[in-house]
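The structure under discussion appears below in the form of C-alpha cells.
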Amino acid sequence: MQERREVDLRKLEQIMGESKGGVVDEKDILSSSKQAVKMAAGNKPANAVESSTALQRFLDRIPIGSIPGINNSSAAVMELKTGDCLGDAIRLLHEKNVFGAPIAVDALDTDTATIGRKFSDGYIGFIDFARMILWSLEECERAGTQAKEESNNGIFSMLELNPHIAHTKIGELAKSFLWDPFFPVHLDATLFHVLLLLSKHCVQFVPVTEQSSPKVIGFVTQNAVIQLLLRSSGLEWFDSIADKALSEFRFENDKHAVFVCGDQSIAEAMHILWQSQMGAVAVVERETKRLIGCMRNIDLHLLLDNIDLFNNRKSLTAKEFIHMDQSEVDSEPTIERDLGAFLSAGVLTLRNTFLPRMDSPVTNKKTDTLKQAMNNLAAAKGNFCFLIDEFQQVQGVVTLRDMIVQFAPPSMDSTIDGGGFFDSALEQTGCHIEKGTMICDH
C-alpha cells in the first residue's frame with residue numbers, strides 16, 4: 001500500500017508541476033484525466049460514467065498520507081470528553097495552548113454516554129476555545145454577574161460566581177450549537193474526499209486518523225487545500241476559474257461584512273462576534289468607515305493572558321485591543337514547513353506567529369482575481385479577506401471556504417450541477433456532466 005502511494009505521489013508531482021524542473025505541459029494533466037475517465041468507465045456499455053467515480057479516480061492521485069507534514073507531528077492531539085466541565089475545559093486548553101479539541105465520548109458519564117452510540121469512531125464533534133469563552137460571557141451576562149466581582153482572576157473568577165455555567169458538561173453544549181461537525185478521514189483518503197467535506201460542510205479542517213486506530217493524528221485545513229490548489233496555477237483548467245474577478249462570483253458574504261466601530265468596547269465587539277458566528281468582525285473608523293483592523297475568535301486568548309484586559313473589557317475599545325497585538329509574523333516558511341504547519345496537530349495552537357496581525361488584515365478589491373485573493377491568503381496564512389473599495393471601506397468578506405467551494409467536485413446530488421473547476425477540466429477531456437452523470441463525448 002505504501003509503495004503504491006509513493007508512486008502515485010511522484011506521478012502527481014510530475015502532473016502538478018511540483019518538481020524543480022518547472023511547469024509541466026498541460027497535456028500531461030489532460031492525459032491523466034482521460035485515463036481516469038477510462039478507468040472509471042471500465043467495461044460499461046454506452047458512454048455514461050458516474051461523475052463521482054471518475055472524479056474520485058482522478059483525485060486519488062493525491063493521497064493525504066503522502067502530503068508533507070501529516071506524519072511529522074510530535075504533538076499529540078488533545079481531546080475533551082463529553083463529561084468534562086466547561087470551566088475545566090477552558091482552563092485546560094488555555095494552559096496547554098490549544099485552540100480546540102475533538103470531543104470523545106465519556107463512557108463513565110451516564111448522562112452523555114448514550115450520545116456516543118451513534119458514532120462508531122468515538123468522537124461526536126469538535127469544540128473550540130473561543131466559542132466556549134463567548135458562550136460563557138453571554139450566559140454570565142444573562143445571569144447578571146457584575147464586572148466588579150470579577151477582579152481577582154478574570155474569567156475564572158466569573159465562572160466561580162456562576163457554577164451552573166462552569167459545571168456545564170461539554171456533552172450538553174450541543175443544544176447551544178457550540179460543536180462543529182466531525183468528519184475524520186484515514187491517511188489513505190484522497191484530496192477528493194477532503195475537498196468534498198470542506199465544500200459541503202462548514203468546517204475549517206478535516207481530522208486525519210490512522211487506518212488502524214480512530215485516534216486523530218493531524219488535520220487537513222482549508223489553508224492546506226488552497227495551497228495545493230494553487231500548485232495548478234498556469235494550467236488552463238485552473239486559470240479559467242481562478243483568473244476571474246472576484247466580482248464575478250457569488251460568495252456567501254461578499255455583499256455583507258459584520259463590523260464594529262473602533263470606539264466601541266471590547267465587550268460589545270465580543271457580543272457581535274458571538275451573534276455573527278463568522279469568526280471575525282471588521283473594525284472601522286466611525287466617521288469614515290475606513291477599515292483599521294479586525295477582531296477574530298482566535299485572538300480571544302489575549303483576554304485570559306492579561307487579566308486586566310479581561311476585567312476592563314467594557315471600558316477598553318476595539319481600536320485599543322487590535323493594537324495590542326505586537327507579535328512578529330513568521331512570513332518566510334518553506335513550502336514543506338508551510339504545508340506541515342497546516343496538517344499537523346500543531347495547527348491547533350492557540351497562540352501562533354503565522355496569522356496576520358489584527359491591525360493588518362488581508363484585503364482585496366472586487367476587481368482582483370480569485371487567484372490573487374487565494375495567493376494573498378496563502379501568503380498571509382489568513383482565513384478570510386475583506387473586500388474594500390478605493391476609500392478603504394469594507395464591501396464584504398471572502399473566506400477560504402468561499403474559495404474552496406468554487407473548486408468543488410460536481411455534486412453527487414443529481415439535481416445540482418458541480419463546480420466550474422472540475423466541469424472545465426472534464427470538458428477538456430471530451431466529457432461533461434449532465435444531471436449528475438458524466439457523459440463522454442468521444
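Ordering of the C-alpha cells sets the chain letters (A, B, ...); residue numbers start at 1 within each chain; ligands are numbered from 1 in the order shown.
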Show me, as a tab-separated table, the residues of range 201-261 of chain A having an atom within 12 Å of range 295-306 of chain A, each with the closest atom pair and its distance in Å, using only C-alpha atoms.
```
residue	atom	partner	partner_atom	distance
A:Val258	CA	A:Met295	CA	10.6
A:Phe259	CA	A:Met295	CA	9.2
A:Val260	CA	A:Met295	CA	9.1
A:Cys261	CA	A:Met295	CA	11.1
```
Go ahead and save the residues from that selection, with C-alpha atoms, as a short mmCIF file (atom, residue, chain, number, x, y, z; two decimals), in the first residue's frame.
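File written: selection_12.cif
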```cif
data_model
loop_
_atom_site.label_atom_id
_atom_site.label_comp_id
_atom_site.auth_asym_id
_atom_site.auth_seq_id
_atom_site.Cartn_x
_atom_site.Cartn_y
_atom_site.Cartn_z
CA VAL A 258 -20.07 42.47 10.07
CA PHE A 259 -18.19 45.38 11.62
CA VAL A 260 -17.75 47.34 14.83
CA CYS A 261 -16.53 50.89 15.23
#
```
Taking the DSSP secondary structure from the backbone, can you list the residues of range 198-395 of chain A that are strand (DSSP E or B), as a PDB file with N, CA, C and O atoms, in the first residue's frame?
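Contents of selection_32.pdb, freshly written:
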```
ATOM      1  N   PHE A 205     -11.410  22.454   9.024  1.00  0.00           N
ATOM      2  CA  PHE A 205     -10.405  21.443   8.730  1.00  0.00           C
ATOM      3  C   PHE A 205     -11.027  20.067   8.848  1.00  0.00           C
ATOM      4  O   PHE A 205     -12.112  19.894   9.406  1.00  0.00           O
ATOM      5  N   VAL A 206     -10.320  19.086   8.306  1.00  0.00           N
ATOM      6  CA  VAL A 206     -10.770  17.702   8.357  1.00  0.00           C
ATOM      7  C   VAL A 206      -9.766  16.904   9.191  1.00  0.00           C
ATOM      8  O   VAL A 206      -8.575  16.887   8.869  1.00  0.00           O
ATOM      9  N   PRO A 207     -10.216  16.259  10.268  1.00  0.00           N
ATOM     10  CA  PRO A 207      -9.303  15.455  11.092  1.00  0.00           C
ATOM     11  C   PRO A 207      -8.819  14.223  10.323  1.00  0.00           C
ATOM     12  O   PRO A 207      -9.552  13.648   9.514  1.00  0.00           O
ATOM     13  N   VAL A 208      -7.582  13.836  10.587  1.00  0.00           N
ATOM     14  CA  VAL A 208      -6.985  12.671   9.934  1.00  0.00           C
ATOM     15  C   VAL A 208      -6.643  11.633  11.004  1.00  0.00           C
ATOM     16  O   VAL A 208      -6.050  11.962  12.034  1.00  0.00           O
ATOM     17  N   THR A 209      -7.029  10.392  10.756  1.00  0.00           N
ATOM     18  CA  THR A 209      -6.731   9.308  11.690  1.00  0.00           C
ATOM     19  C   THR A 209      -5.907   8.236  10.994  1.00  0.00           C
ATOM     20  O   THR A 209      -5.901   8.132   9.764  1.00  0.00           O
ATOM     21  N   VAL A 216      -7.036  10.723  16.387  1.00  0.00           N
ATOM     22  CA  VAL A 216      -6.692  11.794  15.453  1.00  0.00           C
ATOM     23  C   VAL A 216      -5.206  12.095  15.553  1.00  0.00           C
ATOM     24  O   VAL A 216      -4.663  12.269  16.645  1.00  0.00           O
ATOM     25  N   ILE A 217      -4.516  12.152  14.399  1.00  0.00           N
ATOM     26  CA  ILE A 217      -3.078  12.422  14.388  1.00  0.00           C
ATOM     27  C   ILE A 217      -2.743  13.749  13.720  1.00  0.00           C
ATOM     28  O   ILE A 217      -1.612  14.223  13.785  1.00  0.00           O
ATOM     29  N   GLY A 218      -3.705  14.366  13.060  1.00  0.00           N
ATOM     30  CA  GLY A 218      -3.442  15.634  12.391  1.00  0.00           C
ATOM     31  C   GLY A 218      -4.696  16.165  11.720  1.00  0.00           C
ATOM     32  O   GLY A 218      -5.790  15.607  11.886  1.00  0.00           O
ATOM     33  N   PHE A 219      -4.534  17.225  10.956  1.00  0.00           N
ATOM     34  CA  PHE A 219      -5.673  17.874  10.323  1.00  0.00           C
ATOM     35  C   PHE A 219      -5.291  18.377   8.937  1.00  0.00           C
ATOM     36  O   PHE A 219      -4.167  18.828   8.712  1.00  0.00           O
ATOM     37  N   VAL A 220      -6.235  18.288   8.013  1.00  0.00           N
ATOM     38  CA  VAL A 220      -6.070  18.940   6.715  1.00  0.00           C
ATOM     39  C   VAL A 220      -6.939  20.197   6.759  1.00  0.00           C
ATOM     40  O   VAL A 220      -8.164  20.107   6.862  1.00  0.00           O
ATOM     41  N   THR A 221      -6.303  21.343   6.716  1.00  0.00           N
ATOM     42  CA  THR A 221      -7.023  22.595   6.864  1.00  0.00           C
ATOM     43  C   THR A 221      -7.426  23.178   5.521  1.00  0.00           C
ATOM     44  O   THR A 221      -6.941  22.765   4.461  1.00  0.00           O
ATOM     45  N   ALA A 245     -12.491  37.784 -12.045  1.00  0.00           N
ATOM     46  CA  ALA A 245     -12.537  38.801 -10.996  1.00  0.00           C
ATOM     47  C   ALA A 245     -13.467  38.354  -9.876  1.00  0.00           C
ATOM     48  O   ALA A 245     -14.445  37.629 -10.100  1.00  0.00           O
ATOM     49  N   PHE A 259     -19.250  44.506  11.145  1.00  0.00           N
ATOM     50  CA  PHE A 259     -18.191  45.380  11.622  1.00  0.00           C
ATOM     51  C   PHE A 259     -18.585  46.065  12.929  1.00  0.00           C
ATOM     52  O   PHE A 259     -19.768  46.151  13.283  1.00  0.00           O
ATOM     53  N   VAL A 260     -17.570  46.519  13.644  1.00  0.00           N
ATOM     54  CA  VAL A 260     -17.751  47.344  14.835  1.00  0.00           C
ATOM     55  C   VAL A 260     -16.912  48.593  14.638  1.00  0.00           C
ATOM     56  O   VAL A 260     -15.927  48.587  13.883  1.00  0.00           O
ATOM     57  N   CYS A 261     -17.312  49.662  15.292  1.00  0.00           N
ATOM     58  CA  CYS A 261     -16.526  50.889  15.235  1.00  0.00           C
ATOM     59  C   CYS A 261     -15.394  50.816  16.255  1.00  0.00           C
ATOM     60  O   CYS A 261     -15.534  50.182  17.312  1.00  0.00           O
ATOM     61  N   SER A 265     -16.660  49.228  22.712  1.00  0.00           N
ATOM     62  CA  SER A 265     -15.884  48.476  23.705  1.00  0.00           C
ATOM     63  C   SER A 265     -15.553  47.071  23.204  1.00  0.00           C
ATOM     64  O   SER A 265     -16.194  46.541  22.294  1.00  0.00           O
ATOM     65  N   ALA A 280     -14.923  36.422  12.755  1.00  0.00           N
ATOM     66  CA  ALA A 280     -14.178  37.677  12.708  1.00  0.00           C
ATOM     67  C   ALA A 280     -15.124  38.826  12.387  1.00  0.00           C
ATOM     68  O   ALA A 280     -16.128  38.643  11.699  1.00  0.00           O
ATOM     69  N   VAL A 281     -14.807  40.000  12.912  1.00  0.00           N
ATOM     70  CA  VAL A 281     -15.550  41.211  12.568  1.00  0.00           C
ATOM     71  C   VAL A 281     -14.551  42.293  12.188  1.00  0.00           C
ATOM     72  O   VAL A 281     -13.450  42.363  12.753  1.00  0.00           O
ATOM     73  N   ALA A 282     -14.923  43.112  11.228  1.00  0.00           N
ATOM     74  CA  ALA A 282     -14.077  44.235  10.824  1.00  0.00           C
ATOM     75  C   ALA A 282     -14.167  45.343  11.873  1.00  0.00           C
ATOM     76  O   ALA A 282     -15.210  45.547  12.488  1.00  0.00           O
ATOM     77  N   VAL A 283     -13.060  46.040  12.081  1.00  0.00           N
ATOM     78  CA  VAL A 283     -13.030  47.210  12.950  1.00  0.00           C
ATOM     79  C   VAL A 283     -12.802  48.425  12.059  1.00  0.00           C
ATOM     80  O   VAL A 283     -11.818  48.470  11.302  1.00  0.00           O
ATOM     81  N   VAL A 284     -13.726  49.387  12.123  1.00  0.00           N
ATOM     82  CA  VAL A 284     -13.662  50.550  11.222  1.00  0.00           C
ATOM     83  C   VAL A 284     -13.719  51.836  12.022  1.00  0.00           C
ATOM     84  O   VAL A 284     -14.169  51.869  13.169  1.00  0.00           O
ATOM     85  N   ARG A 290     -13.571  53.656   7.399  1.00  0.00           N
ATOM     86  CA  ARG A 290     -12.349  53.075   6.846  1.00  0.00           C
ATOM     87  C   ARG A 290     -11.908  51.901   7.711  1.00  0.00           C
ATOM     88  O   ARG A 290     -11.931  51.960   8.944  1.00  0.00           O
ATOM     89  N   LEU A 291     -11.479  50.823   7.064  1.00  0.00           N
ATOM     90  CA  LEU A 291     -11.024  49.626   7.768  1.00  0.00           C
ATOM     91  C   LEU A 291      -9.707  49.902   8.488  1.00  0.00           C
ATOM     92  O   LEU A 291      -8.749  50.392   7.887  1.00  0.00           O
ATOM     93  N   ILE A 292      -9.657  49.576   9.790  1.00  0.00           N
ATOM     94  CA  ILE A 292      -8.417  49.765  10.546  1.00  0.00           C
ATOM     95  C   ILE A 292      -7.930  48.464  11.180  1.00  0.00           C
ATOM     96  O   ILE A 292      -6.834  48.423  11.740  1.00  0.00           O
ATOM     97  N   GLY A 293      -8.718  47.404  11.073  1.00  0.00           N
ATOM     98  CA  GLY A 293      -8.289  46.137  11.645  1.00  0.00           C
ATOM     99  C   GLY A 293      -9.438  45.155  11.748  1.00  0.00           C
ATOM    100  O   GLY A 293     -10.485  45.326  11.115  1.00  0.00           O
ATOM    101  N   CYS A 294      -9.251  44.124  12.552  1.00  0.00           N
ATOM    102  CA  CYS A 294     -10.309  43.130  12.750  1.00  0.00           C
ATOM    103  C   CYS A 294     -10.132  42.450  14.094  1.00  0.00           C
ATOM    104  O   CYS A 294      -9.026  42.388  14.638  1.00  0.00           O
ATOM    105  N   MET A 295     -11.238  41.976  14.638  1.00  0.00           N
ATOM    106  CA  MET A 295     -11.218  41.141  15.834  1.00  0.00           C
ATOM    107  C   MET A 295     -11.643  39.752  15.446  1.00  0.00           C
ATOM    108  O   MET A 295     -12.658  39.570  14.767  1.00  0.00           O
ATOM    109  N   ARG A 296     -10.874  38.748  15.862  1.00  0.00           N
ATOM    110  CA  ARG A 296     -11.128  37.362  15.473  1.00  0.00           C
ATOM    111  C   ARG A 296     -11.306  36.486  16.706  1.00  0.00           C
ATOM    112  O   ARG A 296     -10.784  36.794  17.781  1.00  0.00           O
ATOM    113  N   THR A 317     -11.452  49.969  24.264  1.00  0.00           N
ATOM    114  CA  THR A 317     -12.095  49.967  22.949  1.00  0.00           C
ATOM    115  C   THR A 317     -11.528  48.895  22.031  1.00  0.00           C
ATOM    116  O   THR A 317     -10.430  48.376  22.261  1.00  0.00           O
ATOM    117  N   SER A 344      -0.417  19.236  10.658  1.00  0.00           N
ATOM    118  CA  SER A 344      -0.072  18.525  11.876  1.00  0.00           C
ATOM    119  C   SER A 344      -0.992  18.905  13.024  1.00  0.00           C
ATOM    120  O   SER A 344      -1.834  19.789  12.909  1.00  0.00           O
ATOM    121  N   THR A 349      -2.655  25.264  17.586  1.00  0.00           N
ATOM    122  CA  THR A 349      -2.004  26.105  18.578  1.00  0.00           C
ATOM    123  C   THR A 349      -2.814  27.373  18.819  1.00  0.00           C
ATOM    124  O   THR A 349      -3.219  28.046  17.868  1.00  0.00           O
ATOM    125  N   THR A 363      -6.672  42.176   2.664  1.00  0.00           N
ATOM    126  CA  THR A 363      -7.714  42.867   1.900  1.00  0.00           C
ATOM    127  C   THR A 363      -7.548  42.612   0.411  1.00  0.00           C
ATOM    128  O   THR A 363      -6.443  42.337  -0.071  1.00  0.00           O
ATOM    129  N   ASN A 364      -8.645  42.696  -0.300  1.00  0.00           N
ATOM    130  CA  ASN A 364      -8.665  42.644  -1.758  1.00  0.00           C
ATOM    131  C   ASN A 364      -9.751  43.570  -2.273  1.00  0.00           C
ATOM    132  O   ASN A 364     -10.646  43.969  -1.519  1.00  0.00           O
ATOM    133  N   THR A 369      -8.512  39.222  -8.990  1.00  0.00           N
ATOM    134  CA  THR A 369      -8.942  37.890  -9.394  1.00  0.00           C
ATOM    135  C   THR A 369      -9.020  36.960  -8.189  1.00  0.00           C
ATOM    136  O   THR A 369      -8.431  37.233  -7.134  1.00  0.00           O
ATOM    137  N   PHE A 384      -9.526  34.613   5.836  1.00  0.00           N
ATOM    138  CA  PHE A 384     -10.515  35.438   5.147  1.00  0.00           C
ATOM    139  C   PHE A 384      -9.842  36.713   4.668  1.00  0.00           C
ATOM    140  O   PHE A 384      -8.768  37.099   5.154  1.00  0.00           O
ATOM    141  N   CYS A 385     -10.476  37.368   3.715  1.00  0.00           N
ATOM    142  CA  CYS A 385     -10.023  38.693   3.291  1.00  0.00           C
ATOM    143  C   CYS A 385     -11.231  39.619   3.207  1.00  0.00           C
ATOM    144  O   CYS A 385     -12.325  39.195   2.837  1.00  0.00           O
ATOM    145  N   PHE A 386     -11.029  40.865   3.567  1.00  0.00           N
ATOM    146  CA  PHE A 386     -12.082  41.852   3.436  1.00  0.00           C
ATOM    147  C   PHE A 386     -12.031  42.460   2.036  1.00  0.00           C
ATOM    148  O   PHE A 386     -10.949  42.762   1.509  1.00  0.00           O
ATOM    149  N   LEU A 387     -13.189  42.616   1.437  1.00  0.00           N
ATOM    150  CA  LEU A 387     -13.283  43.317   0.160  1.00  0.00           C
ATOM    151  C   LEU A 387     -13.462  44.797   0.453  1.00  0.00           C
ATOM    152  O   LEU A 387     -14.398  45.194   1.151  1.00  0.00           O
ATOM    153  N   ILE A 388     -12.566  45.626  -0.062  1.00  0.00           N
ATOM    154  CA  ILE A 388     -12.615  47.058   0.210  1.00  0.00           C
ATOM    155  C   ILE A 388     -12.677  47.847  -1.092  1.00  0.00           C
ATOM    156  O   ILE A 388     -12.308  47.342  -2.164  1.00  0.00           O
ATOM    157  N   GLN A 393     -13.127  51.328   2.547  1.00  0.00           N
ATOM    158  CA  GLN A 393     -14.357  50.944   3.213  1.00  0.00           C
ATOM    159  C   GLN A 393     -14.691  49.487   2.886  1.00  0.00           C
ATOM    160  O   GLN A 393     -14.512  49.039   1.751  1.00  0.00           O
ATOM    161  N   VAL A 394     -15.192  48.773   3.860  1.00  0.00           N
ATOM    162  CA  VAL A 394     -15.450  47.342   3.707  1.00  0.00           C
ATOM    163  C   VAL A 394     -16.717  47.118   2.897  1.00  0.00           C
ATOM    164  O   VAL A 394     -17.787  47.637   3.225  1.00  0.00           O
ATOM    165  N   GLN A 395     -16.594  46.325   1.848  1.00  0.00           N
ATOM    166  CA  GLN A 395     -17.722  45.988   0.982  1.00  0.00           C
ATOM    167  C   GLN A 395     -18.229  44.571   1.209  1.00  0.00           C
ATOM    168  O   GLN A 395     -19.334  44.224   0.809  1.00  0.00           O
TER     169      GLN A 395
END
```
d(CA of Thr367 in chain A, CA of Leu246 in chain A) in Å: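 Separation of CA of Thr367 in chain A and CA of Leu246 in chain A: 6.2 Å.
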Secondary structure check, helix (DSSP H, G or I) residues of range 185-223 of chain A, as a PyMOL selection string: chain A and resi 191-200+222-223
Select from range 131-195 of chain A every residue with an atom at most 10 Å from any atom of range 269-278 of chain A, then for each give the shortest pair of atoms and their distance in Å to one decimal, using only C-alpha atoms, rows by chain and rising number, as CSV.
```
residue,atom,partner,partner_atom,distance
A:Arg131,CA,A:Trp274,CA,7.6
A:Ile133,CA,A:Trp274,CA,9.7
A:Leu134,CA,A:Trp274,CA,6.1
A:Trp135,CA,A:Trp274,CA,7.5
A:Leu137,CA,A:His271,CA,8.5
A:Glu138,CA,A:His271,CA,7.4
```
